[in-house]
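What follows is the content of query-v5.txt, which has compact mmCIF, C-alpha atoms and all ligand atoms:
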# COMPACT_ATOMS: atom_id res chain seq x y z
CA MET A 3 30.11 27.26 -25.30
CA ALA A 4 28.46 24.59 -23.17
CA SER A 5 29.67 23.79 -19.69
CA VAL A 6 30.64 20.15 -19.20
CA LEU A 7 31.31 20.50 -15.48
CA GLN A 8 29.85 22.96 -13.03
CA LEU A 9 30.64 22.67 -9.34
CA THR A 10 28.88 24.97 -6.91
CA ASP A 11 30.03 25.15 -3.28
CA VAL A 12 31.17 21.53 -3.44
CA SER A 13 32.66 20.04 -0.28
CA VAL A 14 33.84 16.49 0.32
CA VAL A 15 34.27 15.38 3.93
CA ARG A 16 35.66 11.95 4.79
CA ASP A 17 35.99 10.59 8.30
CA GLY A 18 35.56 14.13 9.64
CA THR A 19 38.31 15.55 7.39
CA THR A 20 37.39 18.23 4.86
CA ILE A 21 39.10 17.22 1.61
CA LEU A 22 37.35 19.64 -0.77
CA ASP A 23 36.23 22.88 0.74
CA ASN A 24 33.40 24.88 -0.85
CA LEU A 25 34.69 24.66 -4.36
CA THR A 26 33.00 26.57 -7.19
CA TRP A 27 34.40 25.92 -10.66
CA THR A 28 33.14 25.65 -14.25
CA VAL A 29 34.69 23.85 -17.23
CA ASP A 30 33.42 24.59 -20.73
CA SER A 31 33.59 22.12 -23.60
CA SER A 32 36.20 24.22 -25.43
CA GLU A 33 38.52 24.38 -22.41
CA ARG A 34 41.50 22.15 -21.54
CA TRP A 35 42.34 22.48 -17.85
CA VAL A 36 45.35 21.39 -15.86
CA ILE A 37 45.07 20.97 -12.08
CA LEU A 38 48.20 21.41 -10.00
CA GLY A 39 48.70 21.50 -6.26
CA PRO A 40 50.75 20.06 -3.40
CA ASN A 41 50.43 16.40 -2.34
CA GLY A 42 47.18 15.83 -0.49
CA ALA A 43 45.54 19.01 -1.83
CA GLY A 44 42.52 17.03 -3.06
CA LYS A 45 43.26 16.81 -6.79
CA THR A 46 42.32 13.14 -7.17
CA THR A 47 39.20 13.64 -5.04
CA LEU A 48 38.14 16.53 -7.28
CA LEU A 49 38.58 14.33 -10.35
CA GLN A 50 36.54 11.56 -8.69
CA VAL A 51 33.63 13.98 -8.23
CA ALA A 52 33.96 15.06 -11.88
CA ALA A 53 33.97 11.39 -12.93
CA ALA A 54 30.73 10.73 -10.97
CA LEU A 55 32.63 8.18 -8.85
CA ILE A 56 31.89 9.96 -5.57
CA HIS A 57 29.20 12.39 -4.50
CA PRO A 58 29.92 15.71 -2.79
CA SER A 59 29.07 15.82 0.92
CA SER A 60 27.44 19.19 0.20
CA GLY A 61 27.02 21.52 -2.74
CA LYS A 62 25.99 20.82 -6.32
CA ALA A 63 27.96 18.95 -8.98
CA GLN A 64 26.58 19.27 -12.47
CA ILE A 65 28.30 16.95 -14.96
CA LEU A 66 27.34 17.38 -18.62
CA ASP A 67 23.62 18.15 -18.33
CA ASP A 68 22.99 16.06 -15.20
CA THR A 69 23.22 16.81 -11.50
CA LEU A 70 24.85 14.22 -9.23
CA GLY A 71 22.27 12.78 -6.88
CA ARG A 72 19.48 13.21 -9.42
CA VAL A 73 20.85 11.01 -12.20
CA ASP A 74 21.60 7.33 -12.70
CA VAL A 75 25.42 7.43 -12.60
CA PHE A 76 25.56 4.22 -14.65
CA GLU A 77 24.03 6.16 -17.54
CA LEU A 78 26.24 9.18 -16.97
CA ARG A 79 29.63 7.43 -16.61
CA PRO A 80 29.89 6.10 -20.19
CA ARG A 81 29.75 9.74 -21.36
CA ILE A 82 32.84 10.53 -19.25
CA GLY A 83 36.36 9.45 -20.25
CA PHE A 84 38.51 8.77 -17.19
CA ALA A 85 42.05 7.44 -16.92
CA SER A 86 43.92 6.98 -13.65
CA SER A 87 46.43 4.53 -12.21
CA ALA A 88 43.76 3.22 -9.79
CA MET A 89 41.60 2.37 -12.78
CA ALA A 90 44.52 0.76 -14.62
CA LYS A 91 45.03 -1.65 -11.70
CA ARG A 92 41.59 -3.10 -12.45
CA ILE A 93 42.57 -4.03 -16.01
CA PRO A 94 43.42 -7.77 -16.21
CA ALA A 95 47.11 -8.19 -17.14
CA SER A 96 46.20 -11.07 -19.47
CA GLU A 97 43.78 -9.00 -21.58
CA THR A 98 44.86 -7.98 -25.07
CA VAL A 99 45.37 -4.30 -25.84
CA LEU A 100 42.54 -4.41 -28.40
CA ASN A 101 40.14 -5.84 -25.81
CA VAL A 102 41.21 -3.36 -23.12
CA VAL A 103 40.25 -0.51 -25.42
CA MET A 104 37.18 -2.16 -26.93
CA THR A 105 35.62 -3.15 -23.59
CA ALA A 106 35.23 0.57 -22.85
CA ALA A 107 32.19 0.38 -25.15
CA TRP A 108 30.54 -1.70 -22.39
CA SER A 109 32.13 0.09 -19.42
CA VAL A 110 33.80 -3.15 -18.27
CA THR A 111 37.51 -3.89 -17.84
CA GLY A 112 37.72 -7.59 -18.77
CA ARG A 113 36.23 -9.37 -21.76
CA TRP A 114 33.41 -11.64 -20.76
CA ASN A 115 30.37 -12.49 -22.84
CA GLU A 116 29.64 -9.17 -24.46
CA SER A 117 29.09 -9.30 -28.17
CA TYR A 118 30.91 -6.57 -30.02
CA GLU A 119 29.72 -5.08 -33.25
CA ASP A 120 32.06 -4.59 -36.20
CA ILE A 121 31.72 -0.88 -35.58
CA ASP A 122 33.24 -1.29 -32.07
CA VAL A 123 36.20 -3.24 -33.50
CA ARG A 124 36.78 -0.69 -36.23
CA ARG A 125 36.55 2.20 -33.80
CA ALA A 126 38.96 0.50 -31.37
CA GLU A 127 41.43 -0.08 -34.20
CA ARG A 128 41.18 3.55 -35.23
CA VAL A 129 41.76 4.76 -31.66
CA LEU A 130 44.74 2.39 -31.30
CA ALA A 131 46.28 3.86 -34.46
CA GLU A 132 45.70 7.42 -33.22
CA TRP A 133 47.58 6.62 -30.00
CA LYS A 134 50.36 4.74 -31.84
CA LEU A 135 49.30 1.39 -30.41
CA ASP A 136 48.22 -0.44 -33.57
CA SER A 137 51.29 -2.68 -33.60
CA LEU A 138 50.51 -3.72 -30.02
CA ALA A 139 46.83 -4.65 -30.52
CA GLU A 140 47.29 -8.37 -29.77
CA ARG A 141 49.86 -7.93 -26.96
CA ARG A 142 48.81 -8.66 -23.36
CA PHE A 143 48.25 -5.46 -21.34
CA GLY A 144 50.53 -6.76 -18.55
CA SER A 145 53.44 -7.18 -20.96
CA LEU A 146 53.54 -3.50 -21.99
CA SER A 147 55.96 -0.83 -20.75
CA ASP A 148 54.63 1.88 -18.42
CA GLY A 149 54.52 4.34 -21.30
CA GLU A 150 52.57 1.95 -23.51
CA GLN A 151 50.16 1.14 -20.68
CA LYS A 152 49.48 4.85 -20.11
CA ARG A 153 48.65 5.30 -23.78
CA VAL A 154 46.32 2.28 -23.66
CA GLN A 155 44.50 3.79 -20.68
CA ILE A 156 43.94 7.04 -22.56
CA ALA A 157 42.92 5.20 -25.73
CA ARG A 158 40.37 3.30 -23.60
CA ALA A 159 39.13 6.58 -22.10
CA VAL A 160 38.54 8.17 -25.52
CA MET A 161 37.09 5.00 -27.15
CA THR A 162 33.49 6.02 -26.39
CA ASP A 163 33.89 9.59 -27.70
CA PRO A 164 33.42 11.05 -24.22
CA GLU A 165 31.92 14.49 -23.70
CA ILE A 166 34.49 15.22 -20.99
CA LEU A 167 37.93 13.63 -20.59
CA LEU A 168 39.53 13.36 -17.13
CA LEU A 169 43.18 12.32 -16.78
CA ASP A 170 44.84 11.73 -13.40
CA GLU A 171 48.62 12.06 -13.74
CA PRO A 172 48.86 10.50 -17.21
CA ALA A 173 52.63 11.05 -17.43
CA ALA A 174 53.57 9.86 -13.92
CA SER A 175 56.49 7.40 -13.84
CA LEU A 176 57.29 7.73 -17.55
CA ASP A 177 60.85 8.09 -18.81
CA LEU A 178 61.70 11.24 -20.73
CA GLY A 179 61.09 9.74 -24.19
CA ALA A 180 57.76 8.16 -23.24
CA ARG A 181 56.68 11.36 -21.47
CA GLU A 182 57.44 13.53 -24.48
CA GLU A 183 55.68 11.11 -26.83
CA LEU A 184 52.58 11.10 -24.63
CA ILE A 185 52.57 14.90 -24.30
CA HIS A 186 52.86 15.21 -28.08
CA LEU A 187 49.89 12.86 -28.62
CA LEU A 188 47.82 14.55 -25.90
CA GLY A 189 48.60 17.98 -27.33
CA GLY A 190 47.42 16.83 -30.76
CA TYR A 191 44.23 15.35 -29.31
CA ALA A 192 43.52 18.43 -27.18
CA SER A 193 43.99 20.88 -30.04
CA ALA A 194 41.40 19.20 -32.29
CA GLU A 195 38.24 21.25 -32.47
CA GLU A 196 36.01 18.22 -31.89
CA ALA A 197 37.92 17.20 -28.72
CA PRO A 198 35.82 17.25 -25.54
CA GLY A 199 36.45 19.42 -22.48
CA ILE A 200 39.60 18.07 -20.79
CA VAL A 201 40.78 18.15 -17.18
CA MET A 202 44.23 16.76 -16.38
CA VAL A 203 45.86 16.45 -12.97
CA THR A 204 49.63 16.59 -12.91
CA HIS A 205 52.48 17.27 -10.50
CA HIS A 206 54.76 18.96 -13.02
CA VAL A 207 54.20 21.98 -15.26
CA GLU A 208 56.62 20.30 -17.72
CA GLU A 209 53.92 17.68 -18.33
CA ILE A 210 51.29 20.14 -19.59
CA PRO A 211 50.68 19.54 -23.29
CA PRO A 212 50.71 22.56 -25.60
CA GLY A 213 47.20 23.79 -26.31
CA PHE A 214 45.99 23.55 -22.72
CA THR A 215 44.04 26.71 -22.04
CA HIS A 216 43.34 26.94 -18.29
CA ALA A 217 44.93 26.07 -14.94
CA LEU A 218 43.59 25.53 -11.44
CA LEU A 219 45.88 25.59 -8.40
CA LEU A 220 44.36 23.56 -5.59
CA VAL A 221 45.61 24.06 -2.03
CA HIS A 222 44.08 22.41 1.07
CA GLY A 223 40.95 21.48 -0.88
CA GLY A 224 40.26 25.03 -2.03
CA ILE A 225 40.97 27.03 -5.18
CA TYR A 226 44.13 29.10 -4.76
CA ALA A 227 43.96 30.40 -8.33
CA ALA A 228 42.03 29.44 -11.48
CA GLY A 229 41.77 30.91 -14.95
CA PRO A 230 43.58 31.24 -18.28
CA ILE A 231 46.82 29.27 -18.07
CA GLY A 232 49.16 32.23 -18.67
CA GLU A 233 47.57 34.16 -15.81
CA VAL A 234 47.71 31.28 -13.33
CA LEU A 235 51.08 29.64 -14.01
CA THR A 236 53.10 32.61 -12.81
CA ALA A 237 56.08 32.59 -10.43
CA GLU A 238 54.04 34.47 -7.85
CA LYS A 239 51.05 32.12 -7.89
CA LEU A 240 53.05 28.86 -8.04
CA THR A 241 55.30 30.12 -5.23
CA GLY A 242 52.22 30.90 -3.15
CA ALA A 243 50.54 27.57 -3.88
CA PHE A 244 53.57 25.34 -3.24
CA GLY A 245 55.16 27.40 -0.46
CA VAL A 246 58.63 27.42 -2.07
CA GLU A 247 60.17 30.10 -4.23
CA LEU A 248 59.73 29.16 -7.88
CA GLU A 249 60.45 30.81 -11.18
CA VAL A 250 58.46 29.89 -14.28
CA SER A 251 59.08 30.16 -17.96
CA SER A 252 57.15 29.13 -21.03
CA ASP A 253 58.12 28.49 -24.61
CA ASN A 254 55.80 27.43 -27.43
CA GLY A 255 53.07 26.36 -25.05
CA ARG A 256 55.38 24.30 -22.78
CA PHE A 257 56.16 25.37 -19.20
CA THR A 258 59.08 24.85 -16.84
CA ALA A 259 59.29 25.70 -13.14
CA ARG A 260 62.36 25.63 -10.91
CA SER A 261 63.82 27.09 -7.80
CA PRO A 262 65.90 30.19 -8.56
CA HIS A 263 68.57 29.04 -6.06
N1 LIG A 301 38.89 8.13 3.56
C1 LIG A 301 39.63 9.19 3.90
N2 LIG A 301 39.61 9.68 5.16
C2 LIG A 301 40.34 10.74 5.50
N3 LIG A 301 41.15 11.40 4.65
C3 LIG A 301 41.22 10.97 3.39
C4 LIG A 301 40.47 9.86 2.93
N4 LIG A 301 40.75 9.68 1.62
C5 LIG A 301 41.64 10.64 1.27
N5 LIG A 301 41.93 11.40 2.35
C6 LIG A 301 42.85 12.55 2.40
O1 LIG A 301 42.38 13.54 1.51
C7 LIG A 301 43.46 14.32 1.07
C8 LIG A 301 43.35 14.54 -0.41
O2 LIG A 301 43.60 13.34 -1.11
P1 LIG A 301 43.76 13.31 -2.69
O3 LIG A 301 44.24 11.95 -3.07
O4 LIG A 301 42.52 13.81 -3.33
O5 LIG A 301 44.91 14.41 -2.89
P2 LIG A 301 45.88 14.67 -4.12
O6 LIG A 301 45.98 16.16 -4.24
O7 LIG A 301 45.43 13.92 -5.31
O8 LIG A 301 47.23 14.07 -3.56
P3 LIG A 301 48.55 13.56 -4.32
O9 LIG A 301 49.14 14.75 -5.01
O10 LIG A 301 49.43 13.10 -3.22
O11 LIG A 301 48.15 12.47 -5.25
C9 LIG A 301 44.73 13.61 1.49
O12 LIG A 301 45.28 14.28 2.59
C10 LIG A 301 44.25 12.22 1.89
O13 LIG A 301 45.03 11.67 2.92

Please express the file's structure as C-alpha cells.
Amino acid sequence: MASVLQLTDVSVVRDGTTILDNLTWTVDSSERWVILGPNGAGKTTLLQVAAALIHPSSGKAQILDDTLGRVDVFELRPRIGFASSAMAKRIPASETVLNVVMTAAWSVTGRWNESYEDIDVRRAERVLAEWKLDSLAERRFGSLSDGEQKRVQIARAVMTDPEILLLDEPAASLDLGAREELIHLLGGYASAEEAPGIVMVTHHVEEIPPGFTHALLLVHGGIYAAGPIGEVLTAEKLTGAFGVELEVSSDNGRFTARSPH
C-alpha cells in the first residue's frame, strides 16, 4: 500500500483564525475516506490542502510523492482529481459536456486553442459513458440539471486518471433520485481495484457510497475520530462530534443517522 496523502502536524491559520489545528492523517491508495463534521469544522479547507490549492501555515503536507512547498504545484495538480461546487462555478455555462470533461486533460475549464488528440476524445467519451452522460455529450453545461452537472464534474475529475480523487459534497442539493444514482455510480467507481485513493466530504452519512472504507470526523479543525468506517460512524462518536444525540444504523454498506427523539 502506498500513501497518497500524508499530513503531519498540519495547521492552517487565516486572518489570525486557526482553521486546521495540528492535523496528522494518512490516506493510502486502497482507502476510500469520508470526512464528516459540523459546519465550519474545516472540511473544505482540508480538501484544499489535499488538492494542493493552499499551503499549510505550518506542518508538512505530502501529496502523492511530493511535499507541498518543495514541488511545482502545476505539475502536481493534474495528478489530483478534484470536484467541488466552487470549481464548477468556473466552468463556462456555454461549454459542451464533452469539452468540459476533455479540457481536464489540459487543466483548463474552457476550450481555447488547445489541440486535442484522438486519444483524449476517446477517453472523454469513455468516461462520459461510465458516468451515464454519453447522451448529453453535445449539451451545454449550463443547460443540465444539478444532478447531471455533478456527474459531469466528477467525470471531469476522473478524466486524467488521477492518483487521488477529492470530492467536496458531490451529492449536495440533489433530489433523491439523482442522489441515489450518483451514489450508485460512485460506489461502483470506488469498488474497482484500479480506483485511486478517494476522499469525499459530505454532510450526511446517507450520502456515503457502499465500499467506502474509512471515516474522519473533523471538529474545530482537529480530528475527533478517524479510522475504519464501522469504528468511527458509531452513535457515540457522531453524537460527540455533532453535539446532538444521534443513533446510527447501517445496512449493506449504507448508513443512516437520526435523532432518537
Ligand atoms: N479567510 C478566512 N479568514 C478567516 N476565517 C476563514 C477564512 N476562510 C474560511 N474561514 C473559516 O474557516 C472555517 C472553516 O471553513 P471550511 O469552509 O473549511 O469549513 P467546512 O467544514 O467545509 O464548512 P461547511 O460544512 O459549512 O461547508 C469556517 O469557520 C470559515 O468561516

request  = List all protein, DNA and RNA residues that have at least one atom no more than 10 Å from any atom of ligand LIG 301 (chain A), counting all atoms listed in the file, and write them as a ChimeraX atom specification.
outcome  = /A:14-22,37-50,170-171,203-205,220-223

task = Could you give me, as an MDAnalysis selection string, the residues that have an atom at most 12 Å away from the point (45.3, 13.9, -34.8) in the coordinates of the file, using all atoms listed in the file?
result = chainID A and resid 128:129 131:134 186:197

With C-alpha atoms retained, could you export that selection as a short mmCIF file (atom, residue, chain, number, x, y, z; two decimals), in the coordinates of the input?
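That gives us result.cif:
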data_model
loop_
_atom_site.label_atom_id
_atom_site.label_comp_id
_atom_site.auth_asym_id
_atom_site.auth_seq_id
_atom_site.Cartn_x
_atom_site.Cartn_y
_atom_site.Cartn_z
CA ARG A 128 41.18 3.55 -35.23
CA VAL A 129 41.76 4.76 -31.66
CA ALA A 131 46.28 3.86 -34.46
CA GLU A 132 45.70 7.42 -33.22
CA TRP A 133 47.58 6.62 -30.00
CA LYS A 134 50.36 4.74 -31.84
CA HIS A 186 52.86 15.21 -28.08
CA LEU A 187 49.89 12.86 -28.62
CA LEU A 188 47.82 14.55 -25.90
CA GLY A 189 48.60 17.98 -27.33
CA GLY A 190 47.42 16.83 -30.76
CA TYR A 191 44.23 15.35 -29.31
CA ALA A 192 43.52 18.43 -27.18
CA SER A 193 43.99 20.88 -30.04
CA ALA A 194 41.40 19.20 -32.29
CA GLU A 195 38.24 21.25 -32.47
CA GLU A 196 36.01 18.22 -31.89
CA ALA A 197 37.92 17.20 -28.72
#

task = Tell me which protein, DNA and RNA residues are within 6 Å of stretch 53-65 of chain A, counting all atoms listed in the file, leaving out same-chain ones fewer than 5 positions away, and put them as a VMD selection string.
result = chain A and resid 6 to 14 70

task = Scan for residues within 9 Å of the point (36.1, 23.6, -20.5) in the coordinates of the file, using only C-alpha atoms, and reply as a PyMOL selection string.
result = chain A and resi 3-7+28-35+166+198-201+215-216

So that I can see what lies close to A:Leu176, please list as an mmCIF file with C-alpha atoms, in the frame of the given file the residues with an atom at most 12 Å from it, counting only C-alpha atoms and leaving out residues fewer than 6 positions away in the same chain.
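So around08.cif came out as:
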data_model
loop_
_atom_site.group_PDB
_atom_site.id
_atom_site.type_symbol
_atom_site.label_atom_id
_atom_site.label_comp_id
_atom_site.auth_asym_id
_atom_site.auth_seq_id
_atom_site.Cartn_x
_atom_site.Cartn_y
_atom_site.Cartn_z
ATOM 1 C CA SER A 147 55.960 -0.830 -20.750
ATOM 2 C CA ASP A 148 54.630 1.880 -18.420
ATOM 3 C CA GLY A 149 54.520 4.340 -21.300
ATOM 4 C CA GLU A 150 52.570 1.950 -23.510
ATOM 5 C CA GLN A 151 50.160 1.140 -20.680
ATOM 6 C CA LYS A 152 49.480 4.850 -20.110
ATOM 7 C CA ARG A 153 48.650 5.300 -23.780
ATOM 8 C CA GLU A 182 57.440 13.530 -24.480
ATOM 9 C CA GLU A 183 55.680 11.110 -26.830
ATOM 10 C CA LEU A 184 52.580 11.100 -24.630
ATOM 11 C CA ILE A 185 52.570 14.900 -24.300
ATOM 12 C CA GLU A 209 53.920 17.680 -18.330
#

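Atom CA of A:Ala243 is positioned 18.2 Å from atom CA of A:His263.
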
key: stretch 76-88 of chain A surroundings by all atoms listed in the file, 6 Å radius, close-in-sequence under 4 positions cut, as a count of residues only   = 11

message = Between atom CA of A:Thr162 and atom CA of A:Val207, what is the distance in Å, rounded to a tenth?
response =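 So the two atoms, atom CA of A:Thr162 and atom CA of A:Val207, lie 28.4 Å apart.
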
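Atom CA of A:Asp177 is positioned 21.0 Å from atom CA of A:Val99.
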